[in-house]
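**Q** The structure is given below, and queries will be raised subsequently.
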Amino acid sequence: MTISNPSVLSPRVTAYAYARAALDQPLLVPEPVADAADAPAGSLAWLRATVARFTADAQTHARRRSHVAEEIARLAPRELRQAAAGSAVGADDRHTVVRILAEELGLPSTDAVADAVITASAGYFGSDLTPAQGKIADEAVASLLARTVQEDGMEDLETAAQRIGLLVQACDATARLVEHARRAAPDGLPPGGADALLAEVLRQDPPVTALRRRALADVRVGALDLRAGEVALIDVTAVKPVAPADGDQSDPDIGAHADPVLLAFGAGPHRCPGQAQAVALAAGLLERDDPAGQITKAVARVLDLAATWTAWNGRPLTLDGRVYTPHKAIRRVADHMVDHLAELEARLAGQEPQPDHWHASVTTTPADLVPFTTEDLDEARSRLVRLGRIWDDRLRTLSDAQLDRSPGPGWSFRLLAAHVAGSLDYYAGAVGSLGAAADPEDQS
């Protein structure tokens, strides 16, 4: 297919191999920003012309993208997920996403940052704005630049632009991913949880349905011949792991293992570098709606892993400089659930929570080092399922107001539930899966 008139409909790419080839091709880039060399620093035009997202020159793009990568490296997905799962209900998801990211990046006045990012996002991807809207967007970008420079003392405006761009790009796309997931599961999370739901949504109904790539020079990609300035449209929702039957984009080498979900975040040099962080935030926002379910599902995940621990070879494992064994992981899971449950009940009763005196993960006892048997697994199941049920019963008696504006000093109960669920995954993950699960007859 040869497209010689840029005004005609962009060619649509639906074969996985050709989609990947187009995204990997350095001569095909997202729509570059028109020359904005004279745009004043702190304006929307300046931001669009300075961020990696709209940079066509390969060397400049690589430099700017490296700044983005440094910022993203500071954002631990596990912490983002917990923060999102513990966030208050009722707020605009866009605001919550940006506020959490701004907090993790150490920016001041995170609520104001979130407000400004939402305002700037209206024209960030090139939507036409009225003069009044453009003025408001420029003011929002200027305020973001001032906060970024003030916090870090940076004189490098290009670096500051990448941080602002990171926030703006996360704003709408992550919130839309959550919206699509809720639409796909209106009755709550499916058995596979937020991760399984999001993976399916990214395959079937991603927040970005098409990726436009403009040719910087004449280039051939698969069956497409593009001239400089022409655009190819990668249809993310239509991309298939095998070629269409008509053979127009046939690709005998593409394997059935190709997963279109990967293209929801792009590919190649312009691939979104924050996929793990975006999915973590989206998962946390979905889990936030059911704090009781967070804990019972975390218990189930712990026990799924524990079912493999009868194969433990007796050698302790190390995580974050501390030693773990199957028995120690179960001990820490149970202690953590008891500790924070006691805190919750004390605060509800108007009492000061009693400080815990656990030796926690610092100590490895002789009992931690003994073999983990099917009887130990059965005892762990009885203990943890009951603790999970107590948490579930208590949390379901609380209103959203009580969960988000909880009595006494400390985290909100919604955030407390997210923390407990995350800690269960952490301790069980310290041991991980050690092989095949024990015989179900031994787990009854």
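Each chain in the structure tokens gets a letter, A, B, ..., in the order shown, and its residues are numbered from 1; ligands are numbered from 1 in order too.
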Got a sec to tell me which of segment 146-362 of chain A DSSP assigns to alpha helix (DSSP H), as a ChimeraX atom specification?
**A** /A:146-152,157-184,193-204,275-288,291-306,326-348
**Q** Show which residues sit within 6 Å of segment 415-429 of chain A, as a VMD selection string. Count only C-alpha atoms, and ignore same-chain residues fewer than 3 positions away.
**A** chain A and resid 82 85 to 86 291 294 to 295 298 302 329 333 411 to 412 432
**Q** For Arg213 of chain A, please output as a list in words all residues within 9 Å (counting only C-alpha atoms; exclusion window: fewer than 2 positions along the same chain).
**A**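 The neighbour list is Ala22, Leu23, Leu27, Leu28, Val29, Pro30, Glu31, Leu211, Ala215, Glu230, Val231, Ala232, Leu233 and Ile234 of chain A.
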**Q** May I have the residues within 9 Å of Val219 of chain A as a list in words, using only C-alpha atoms and disregarding those fewer than 2 positions away in the same chain?
**A**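 Selected residues are Gln25, Leu27, Leu28, Ala215, Leu216, Ala217, Val221, Leu224, Asp225, Leu226, Arg227 and Ala228 of chain A.
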**Q** Near Asp92 of chain A, counting only C-alpha atoms, which residues have an atom at most 12 Å away, once you skip same-chain residues fewer than 6 positions from it, shown as a PyMOL selection string?
**A** chain A and resi 98-99+111+114-115+118+171-172+174-176+178-179+285
**Q** Can you pull out every residue from segment 75-249 of chain A that DSSP, working from the backbone, puts in strand (DSSP E or B), and format the result as an MDAnalysis selection string?
**A** chainID A and resid 210:215 219:221 224:226 231:235 240
**Q** Using only C-alpha atoms, which of the listed residues (A:Asp339, A:Ala282, A:Ala238, A:Arg182) sits closest to Ile100 of chain A?
**A**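 Selected residue with least distance to Ile100 of chain A: A:Ala282.
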**Q** One decimal, Å: what's the distance from atom CA of Ser66 of chain A over to atom CA of Ala161 of chain A, could you say?
**A**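 Answer for the atom CA of Ser66 of chain A to atom CA of Ala161 of chain A separation: 12.5 Å.
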**Q** Which residues are near Ala436 of chain A? Cut-off 8 Å, only C-alpha atoms, ignore same chain within fewer than 4 positions. Put them as a list in words.
**A**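 Final neighbour list, sorted by chain and number: Ala307, Thr308 and Ala311 of chain A.
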**Q** Pull all heavy atoms from the residues just selected and write them as a PDB file, in the first residue's frame.
**A**
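Result file follows (again.pdb):
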```
ATOM      1  N   ALA A 307       0.996 -23.106  50.031  1.00  0.00           N
ATOM      2  CA  ALA A 307       0.739 -24.487  49.622  1.00  0.00           C
ATOM      3  C   ALA A 307       1.936 -25.118  48.923  1.00  0.00           C
ATOM      4  O   ALA A 307       2.009 -26.340  48.791  1.00  0.00           O
ATOM      5  CB  ALA A 307      -0.490 -24.530  48.711  1.00  0.00           C
ATOM      6  N   THR A 308       2.896 -24.291  48.494  1.00  0.00           N
ATOM      7  CA  THR A 308       4.109 -24.826  47.857  1.00  0.00           C
ATOM      8  C   THR A 308       5.267 -24.940  48.833  1.00  0.00           C
ATOM      9  O   THR A 308       6.329 -25.452  48.466  1.00  0.00           O
ATOM     10  CB  THR A 308       4.546 -23.930  46.675  1.00  0.00           C
ATOM     11  OG1 THR A 308       5.092 -22.691  47.176  1.00  0.00           O
ATOM     12  CG2 THR A 308       3.374 -23.626  45.755  1.00  0.00           C
ATOM     13  N   ALA A 311       7.678 -27.916  50.086  1.00  0.00           N
ATOM     14  CA  ALA A 311       8.858 -28.315  49.315  1.00  0.00           C
ATOM     15  C   ALA A 311      10.106 -27.547  49.733  1.00  0.00           C
ATOM     16  O   ALA A 311      11.166 -27.694  49.119  1.00  0.00           O
ATOM     17  CB  ALA A 311       8.598 -28.096  47.817  1.00  0.00           C
TER      18      ALA A 311
END
```
**Q** Write out as JSON, numbers by chain the residues lying within 12 Å of Asp195 of chain A, counting only C-alpha atoms and excluding same-chain residues fewer than 3 positions away.
**A** {"A": [81, 178, 181, 189, 190, 191, 192, 198, 199, 200, 201, 202, 276, 278, 279, 280, 281, 282, 283, 284, 285, 286, 287]}
**Q** Which residue out of A:Gly165, A:Gly229, A:Gly266, A:Gly193 has the minimum interatomic distance to Tyr16 of chain A when only C-alpha atoms are used?
**A** A:Gly266
